[in-house]
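*Asks:* Quick one: the structure is below, questions incoming.
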Amino acid sequence: MLNIAGVIKDIRQENYKIKSYFIELERKLCSVPGQYVMVWYPGAEEIPISVAHEDGRIIRLIIAKVGDSTSYIHNHAKRGDYISIRGPYGKGFTVVKGMKVACVAGGYGIAPLFYLAKKLLEKNAEVHIFFGVKSKEDLFLLEELSATSNKLFVTTEDGTYGFKGLVTDIFKQYFFRERYDYVYTCGPERMMFKIVSLCISYGVKVEACLERYIRCGVGLCGSCVLDPIGLRVCCEGPVIKGDVLLNTDFGKFKRDEFCRKVSI
Amino acid sequence: MSLLEVTIAGVKYPAPSFLASGILGSSASLLKRVLESGAGAAVTKSVTVNPRKGHPNPCFIELEVGYVNSLGLPNPGYLHLLEEIKRLDEKNRVVVSLAGSSIEEFTKMAEAVEDAGFMAVELNFSCPHVKSYGLELSKNKDVLVKSIKEIKEVTRLKVWVKLGLCDNIVELAKFIEKAGGDAIVAINTVRCIIIDIYAKRPYLSSIYGGLSGKAIHPIAVRCVYDLFKEVDLPIIGVGGIEHWKDAVEMLLAGASAVQVGSAIAKKGLNVFTEINRGLENYLRENGFKSIKSIVGLAHKR
């Protein structure tokens, strides 16, 4: 099999529901930011996770406890455990050179943008990160984020930390002031929809990283289809350009495990 | 008439490369995209009477020689899928794959397919990894024969039957022919097991899966070759077709058309046009006037 065997080298508790897993792989993954891997920790279901960093044969996966599989991993995975990885899959972000860019994240959507920001800085881009969460307790990664950006804007919906309000609203204020050349976003889809709509209506290039129900990862099973253009998010995404997205069900519908359309 | 046009059971298709069932076929948008990409026809993912989630992940794995899947027939149920795809423009080029677990289920679903305006069904008697369906059900000749007879009696649908690798594939095909089936589709993925050597347990959640891709191509060619010798029904060859040469091989073995699935992972949806172009050149260069003229040619040595 072409899976890559991995061993958990370190686990870092980021906040009450998020952990970083540092996994040593038997060979280099060679991912780009925005790509994901299918992660199988025996006992749990295999799940798609964005790569949050890659350094040599070590990859970092930021896993939020949101469902059965992620809870199982949180509760059982320990240092030294075996983990199976397949990938990297999908199309990642365009890493632009020397531009002024904004990365807008909601919640654990920060993971691929954190990886991207590092690569953008290497390409001499000016990177502004907007990171929105519900409340102070949902924050994590702040020190590392300020080290990988020129400016970091943190927002909480309840105002317990940073700017009070939705990340989309704060971003909108700076969007007009800062005049970004390129915008990247990852997070809840309705949030991304607002960001993409704003950018496109002002002619600013934008890319969004989508979450869909993924099974095969290679564009065969059709579980992740984005209608009505029939785009396979698993291999033609998960990062998709804004102008493409606005002609689709993005922000409105996705497919469930039965391949039925459901509202987002 | 285009060089590539084929007729299966009286229905014309513009090209002999079709989309295999199980691949991309559970949404109208992807079926449309596949047909626009050059596939002569597209077979839907199999539908069942009730919605199915399929097997939990892991249910897919890449190998050096192909792929193994055990998706477990996930689908929204036949009524739901038909509702979605009945608005497609080229319904004569869409074949609905049915996975029933009884004669009644097959018949009920087939009637709905006809009502939705489609011309053909493919009966799944070959899925190798779901209990009481597919390959397991093909062992029950009564269900196989009576499902076909019943559908032929109550509808005017063309009935394709998809068989999997088994010792009696020729015998089953003869039953299908006698029962009034219109075409044999061979083969499905091949039942297999993958063991994760570090986890020391089967990798797939359902233990058994189906092997597709390059690895099964010669096996599929053998099945088609054997079937062609013994039955008169048109055969649609499936299994590891990645390149136009693989398609030619299948046609020479006796297939009237081919289905492509796994190759899409590597080549994308362009694979259909690529195969069609290669076939067209092959026919021209070798002085053949139609696809039909090379079907089964390998038997006339």
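By convention in this document, the chains of the structure tokens carry letters A, B, ... by their order, each chain's residues are numbered from 1, and ligands are numbered from 1 in the order they are shown.
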Taking only C-alpha atoms into account, report as a PyMOL selection string which residues of chain A lie within 8 Å of chain B.
*Replies:* chain A and resi 1-3+5+40+42+45-47+82+215-216+218-223+225+227-231+257-260
*Asks:* How would the residues just chosen look if you wrote them out with N, CA and C atoms as a CSV table (one decimal), in the first residue's frame?
*Replies:*
```csv
chain,number,residue,atom,x,y,z
A,1,MET,N,0.8,-1.2,0.0
A,1,MET,CA,0.0,0.0,0.0
A,1,MET,C,0.9,1.3,0.0
A,2,LEU,N,0.3,2.3,-0.5
A,2,LEU,CA,1.0,3.6,-0.6
A,2,LEU,C,0.9,4.5,0.6
A,3,ASN,N,0.2,4.0,1.6
A,3,ASN,CA,0.1,4.8,2.9
A,3,ASN,C,1.5,5.1,3.5
A,5,ALA,N,3.6,5.3,6.8
A,5,ALA,CA,3.5,5.0,8.3
A,5,ALA,C,4.1,6.1,9.1
A,40,TRP,N,-5.5,7.9,9.6
A,40,TRP,CA,-6.1,6.8,10.3
A,40,TRP,C,-5.3,6.4,11.6
A,42,PRO,N,-5.7,3.8,14.2
A,42,PRO,CA,-6.5,2.5,14.4
A,42,PRO,C,-7.4,2.6,15.6
A,45,GLU,N,-12.2,6.3,12.9
A,45,GLU,CA,-12.4,6.4,11.5
A,45,GLU,C,-11.3,7.2,10.9
A,46,GLU,N,-11.1,6.9,9.6
A,46,GLU,CA,-10.1,7.7,8.9
A,46,GLU,C,-10.7,9.1,8.6
A,47,ILE,N,-9.9,10.2,8.8
A,47,ILE,CA,-10.5,11.5,8.6
A,47,ILE,C,-9.5,12.4,7.8
A,82,TYR,N,1.3,4.4,16.6
A,82,TYR,CA,1.3,4.4,15.1
A,82,TYR,C,0.1,5.1,14.6
A,215,ARG,N,-14.1,10.8,1.1
A,215,ARG,CA,-13.9,9.4,1.3
A,215,ARG,C,-12.6,8.9,0.6
A,216,CYS,N,-12.6,9.0,-0.7
A,216,CYS,CA,-11.5,8.4,-1.5
A,216,CYS,C,-10.3,9.4,-1.5
A,218,VAL,N,-9.2,11.0,-4.0
A,218,VAL,CA,-8.5,11.0,-5.3
A,218,VAL,C,-9.4,11.3,-6.5
A,219,GLY,N,-10.7,11.7,-6.2
A,219,GLY,CA,-11.6,12.1,-7.2
A,219,GLY,C,-12.4,10.9,-7.9
A,220,LEU,N,-12.6,9.9,-7.2
A,220,LEU,CA,-13.3,8.7,-7.8
A,220,LEU,C,-14.7,8.6,-7.2
A,221,CYS,N,-14.9,8.8,-5.9
A,221,CYS,CA,-16.2,8.3,-5.4
A,221,CYS,C,-17.3,9.4,-5.5
A,222,GLY,N,-16.9,10.6,-5.6
A,222,GLY,CA,-17.9,11.7,-5.8
A,222,GLY,C,-18.6,12.2,-4.6
A,223,SER,N,-18.2,11.7,-3.4
A,223,SER,CA,-18.8,12.1,-2.1
A,223,SER,C,-18.7,13.6,-1.9
A,225,VAL,N,-18.7,16.2,-4.0
A,225,VAL,CA,-19.0,17.1,-5.2
A,225,VAL,C,-19.6,18.4,-4.8
A,227,ASP,N,-21.8,21.3,-6.4
A,227,ASP,CA,-22.7,21.5,-7.5
A,227,ASP,C,-22.9,23.0,-7.8
A,228,PRO,N,-23.4,23.4,-8.9
A,228,PRO,CA,-23.8,22.5,-10.0
A,228,PRO,C,-22.7,22.2,-11.0
A,229,ILE,N,-21.5,22.6,-10.7
A,229,ILE,CA,-20.4,22.4,-11.7
A,229,ILE,C,-19.7,21.1,-11.6
A,230,GLY,N,-20.1,20.3,-10.6
A,230,GLY,CA,-19.5,19.0,-10.5
A,230,GLY,C,-18.1,19.0,-10.2
A,231,LEU,N,-17.7,19.9,-9.3
A,231,LEU,CA,-16.3,20.0,-8.9
A,231,LEU,C,-16.0,19.1,-7.8
A,257,GLU,N,-23.4,12.1,4.1
A,257,GLU,CA,-22.8,10.8,3.8
A,257,GLU,C,-23.6,10.0,2.9
A,258,PHE,N,-24.9,10.3,2.7
A,258,PHE,CA,-25.8,9.6,1.8
A,258,PHE,C,-25.7,10.3,0.4
A,259,CYS,N,-24.9,11.3,0.2
A,259,CYS,CA,-24.8,12.1,-1.0
A,259,CYS,C,-26.1,12.9,-1.3
A,260,ARG,N,-26.8,13.2,-0.2
A,260,ARG,CA,-27.9,14.1,-0.3
A,260,ARG,C,-27.5,15.5,-0.1
```
*Asks:* Which residues are near Lys164 in chain A? Cut-off 12 Å, only C-alpha atoms, ignore same chain within fewer than 6 positions. Put them as a PDB file with C-alpha atoms, in the first residue's frame.
*Replies:*
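And here is the file that came out, out-v4.pdb:
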```
ATOM      1  CA  PHE A 131      -8.126  35.047  13.432  1.00  0.00           C
ATOM      2  CA  GLY A 132     -11.650  34.918  14.783  1.00  0.00           C
ATOM      3  CA  VAL A 133     -13.083  32.663  17.475  1.00  0.00           C
ATOM      4  CA  LYS A 134     -16.137  32.666  19.716  1.00  0.00           C
ATOM      5  CA  SER A 135     -14.420  33.338  23.027  1.00  0.00           C
ATOM      6  CA  LYS A 136     -10.993  33.650  24.628  1.00  0.00           C
ATOM      7  CA  PHE A 153      -5.727  40.665  14.342  1.00  0.00           C
ATOM      8  CA  VAL A 154      -7.550  38.534  16.867  1.00  0.00           C
ATOM      9  CA  THR A 155     -11.301  38.716  17.288  1.00  0.00           C
ATOM     10  CA  THR A 156     -13.692  37.110  19.748  1.00  0.00           C
ATOM     11  CA  GLU A 157     -17.441  37.229  19.359  1.00  0.00           C
ATOM     12  CA  ASP A 158     -17.948  37.967  23.054  1.00  0.00           C
ATOM     13  CA  ILE A 170     -13.236  43.396  11.509  1.00  0.00           C
TER      14      ILE A 170
END
```
*Asks:* Within 10 Å of Asn140 in chain B, counting only C-alpha atoms, which residues show up once you throw out same-chain ones fewer than 5 positions away? Write them as a PyMOL selection string, please.
*Replies:* chain B and resi 102+125+135+145
*Asks:* Using only C-alpha atoms, which of A:Gln35, A:Ser84, A:Asn150, A:Ser50 sits nearest Ile23 in chain A?
*Replies:*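 Ranked by minimum distance to Ile23 in chain A, first place goes to A:Ser84.
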*Asks:* Just want the 10 Å neighbourhood of Tyr182 in chain A, counted on only C-alpha atoms, with same-chain residues fewer than 3 positions away dropped. Output as an NGL selection string.
*Replies:* :A and (94-96 or 99-103 or 127 or 179 or 199 or 203-207)
*Asks:* For the selection you just gave me, I'd like the residues written to a file as an mmCIF file, in the first residue's frame, keeping N, CA and C atoms.
*Replies:*
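Contents of selection.cif, as written:
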```
data_model
loop_
_atom_site.group_PDB
_atom_site.id
_atom_site.type_symbol
_atom_site.label_atom_id
_atom_site.label_comp_id
_atom_site.auth_asym_id
_atom_site.auth_seq_id
_atom_site.Cartn_x
_atom_site.Cartn_y
_atom_site.Cartn_z
ATOM 1 N N THR A 94 -2.278 29.101 -3.644
ATOM 2 C CA THR A 94 -1.271 29.719 -4.494
ATOM 3 C C THR A 94 -0.387 30.556 -3.572
ATOM 4 N N VAL A 95 0.902 30.251 -3.545
ATOM 5 C CA VAL A 95 1.805 31.035 -2.691
ATOM 6 C C VAL A 95 2.357 32.192 -3.536
ATOM 7 N N VAL A 96 1.793 33.375 -3.325
ATOM 8 C CA VAL A 96 2.195 34.520 -4.154
ATOM 9 C C VAL A 96 3.500 35.121 -3.621
ATOM 10 N N MET A 99 3.609 40.066 -2.309
ATOM 11 C CA MET A 99 2.371 40.863 -2.303
ATOM 12 C C MET A 99 1.932 41.158 -0.876
ATOM 13 N N LYS A 100 0.939 42.022 -0.788
ATOM 14 C CA LYS A 100 0.336 42.280 0.508
ATOM 15 C C LYS A 100 -0.911 41.395 0.606
ATOM 16 N N VAL A 101 -0.893 40.489 1.551
ATOM 17 C CA VAL A 101 -1.967 39.490 1.601
ATOM 18 C C VAL A 101 -2.620 39.436 2.985
ATOM 19 N N ALA A 102 -3.869 38.944 2.973
ATOM 20 C CA ALA A 102 -4.566 38.715 4.233
ATOM 21 C C ALA A 102 -4.973 37.250 4.309
ATOM 22 N N CYS A 103 -4.793 36.653 5.490
ATOM 23 C CA CYS A 103 -5.259 35.291 5.752
ATOM 24 C C CYS A 103 -6.373 35.423 6.789
ATOM 25 N N VAL A 127 2.220 39.771 5.313
ATOM 26 C CA VAL A 127 1.117 38.896 5.709
ATOM 27 C C VAL A 127 0.355 39.444 6.913
ATOM 28 N N ARG A 179 -6.031 47.599 1.546
ATOM 29 C CA ARG A 179 -5.966 47.288 0.106
ATOM 30 C C ARG A 179 -5.060 46.086 -0.208
ATOM 31 N N CYS A 199 -14.392 40.182 -1.334
ATOM 32 C CA CYS A 199 -13.199 40.304 -2.178
ATOM 33 C C CYS A 199 -13.571 40.364 -3.659
ATOM 34 N N GLY A 203 -12.969 43.100 -6.744
ATOM 35 C CA GLY A 203 -11.943 42.684 -7.689
ATOM 36 C C GLY A 203 -10.652 42.192 -7.056
ATOM 37 N N VAL A 204 -10.724 41.744 -5.801
ATOM 38 C CA VAL A 204 -9.516 41.231 -5.146
ATOM 39 C C VAL A 204 -9.506 39.703 -5.237
ATOM 40 N N LYS A 205 -8.364 39.165 -5.615
ATOM 41 C CA LYS A 205 -8.265 37.707 -5.753
ATOM 42 C C LYS A 205 -8.359 37.041 -4.386
ATOM 43 N N VAL A 206 -9.101 35.944 -4.343
ATOM 44 C CA VAL A 206 -9.323 35.271 -3.062
ATOM 45 C C VAL A 206 -9.401 33.771 -3.276
ATOM 46 N N GLU A 207 -8.868 33.030 -2.328
ATOM 47 C CA GLU A 207 -8.945 31.570 -2.364
ATOM 48 C C GLU A 207 -9.498 31.080 -1.031
#
```
*Asks:* Please, what distance in Å, to one decimal, runs between CA of Val185 in chain B and CA of Gly38 in chain B?
*Replies:* 19.9 Å
*Asks:* Need to verify the contact set: Met119 in chain B, 8 Å, only C-alpha atoms, exclusion of same-chain residues closer than 3 positions in sequence. Can you return it as a list in words?
*Replies:*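 Counting only the stated atoms, we get Lys91, Asn92, Val94, Val95, Glu114, Arg156, Leu157 and Lys158 of chain B.
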*Asks:* Those residues with C-alpha atoms, as an mmCIF file, in the first residue's frame please?
*Replies:*
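Generated file (selection-v8.cif):
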```cif
data_model
loop_
_atom_site.group_PDB
_atom_site.id
_atom_site.type_symbol
_atom_site.label_atom_id
_atom_site.label_comp_id
_atom_site.auth_asym_id
_atom_site.auth_seq_id
_atom_site.Cartn_x
_atom_site.Cartn_y
_atom_site.Cartn_z
ATOM 1 C CA LYS B 91 -31.009 10.527 -20.379
ATOM 2 C CA ASN B 92 -30.538 7.892 -23.072
ATOM 3 C CA VAL B 94 -27.328 7.500 -18.541
ATOM 4 C CA VAL B 95 -27.685 3.953 -17.276
ATOM 5 C CA GLU B 114 -38.473 3.764 -16.540
ATOM 6 C CA ARG B 156 -39.314 -1.825 -21.711
ATOM 7 C CA LEU B 157 -35.900 -1.121 -20.199
ATOM 8 C CA LYS B 158 -32.689 -2.561 -21.568
#
```
*Asks:* If we count only C-alpha atoms and set the cut-off at 6 Å, which residues sit around Asp81 in chain A, ignoring sequence neighbours fewer than 3 positions away in its own chain? Please answer as a PyMOL selection string.
*Replies:* chain A and resi 7-8+78
*Asks:* Per DSSP on the backbone, filter range 29-89 of chain A down to the residues in helix (DSSP H, G or I) and report them as a short mmCIF file (atom, residue, chain, number, x, y, z; two decimals) with N, CA and C atoms, in the first residue's frame.
*Replies:*
```
data_model
loop_
_atom_site.label_atom_id
_atom_site.label_comp_id
_atom_site.auth_asym_id
_atom_site.auth_seq_id
_atom_site.Cartn_x
_atom_site.Cartn_y
_atom_site.Cartn_z
N ASP A 68 -16.79 11.94 16.65
CA ASP A 68 -16.40 10.67 17.25
C ASP A 68 -14.92 10.35 17.01
N SER A 69 -14.48 10.51 15.76
CA SER A 69 -13.11 10.11 15.43
C SER A 69 -12.10 11.01 16.10
N THR A 70 -12.35 12.33 16.05
CA THR A 70 -11.40 13.26 16.66
C THR A 70 -11.40 13.09 18.18
N SER A 71 -12.57 12.78 18.76
CA SER A 71 -12.61 12.53 20.21
C SER A 71 -11.81 11.29 20.55
N TYR A 72 -11.96 10.27 19.71
CA TYR A 72 -11.22 9.03 19.95
C TYR A 72 -9.71 9.29 19.93
N ILE A 73 -9.29 10.07 18.94
CA ILE A 73 -7.86 10.39 18.83
C ILE A 73 -7.41 11.18 20.07
N HIS A 74 -8.19 12.19 20.44
CA HIS A 74 -7.84 12.98 21.62
C HIS A 74 -7.73 12.11 22.87
N ASN A 75 -8.64 11.16 23.00
CA ASN A 75 -8.67 10.35 24.22
C ASN A 75 -7.66 9.22 24.25
N HIS A 76 -7.23 8.74 23.09
CA HIS A 76 -6.38 7.55 23.06
C HIS A 76 -4.97 7.76 22.54
#
```
*Asks:* Which of range 12-261 of chain A end up as strand (DSSP E or B) when DSSP is run on this backbone - answer as a ChimeraX atom specification?
*Replies:* /A:12-15,18-25,36-40,42,44,47-50,53-55,58-64,82-89,91,100-106,126-133,151-156,163-164,182-186,205-209,225-226,231-232,238-241,253-255,261
*Asks:* Using Å and a single decimal, report how far CA of Gly40 in chain B sits from CA of Leu3 in chain B.
*Replies:* 12.7 Å
*Asks:* May I have the residues within 12 Å of Gly98 in chain A as a list in words, using only C-alpha atoms and disregarding those fewer than 6 positions away in the same chain?
*Replies:*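 Listing them by chain and then by number gives Lys119, Leu120, Leu121, Glu122, Lys123, Asn124, Ala125, Glu126, Val127, Tyr180, Asp181 and Tyr182 of chain A.
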*Asks:* Using only C-alpha atoms, can you tell me which of B:Glu122, B:His217, B:Ser97, B:Leu4 comes closest to Ile294 in chain B?
*Replies:*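 Closest to Ile294 in chain B of all the choices is B:Leu4.
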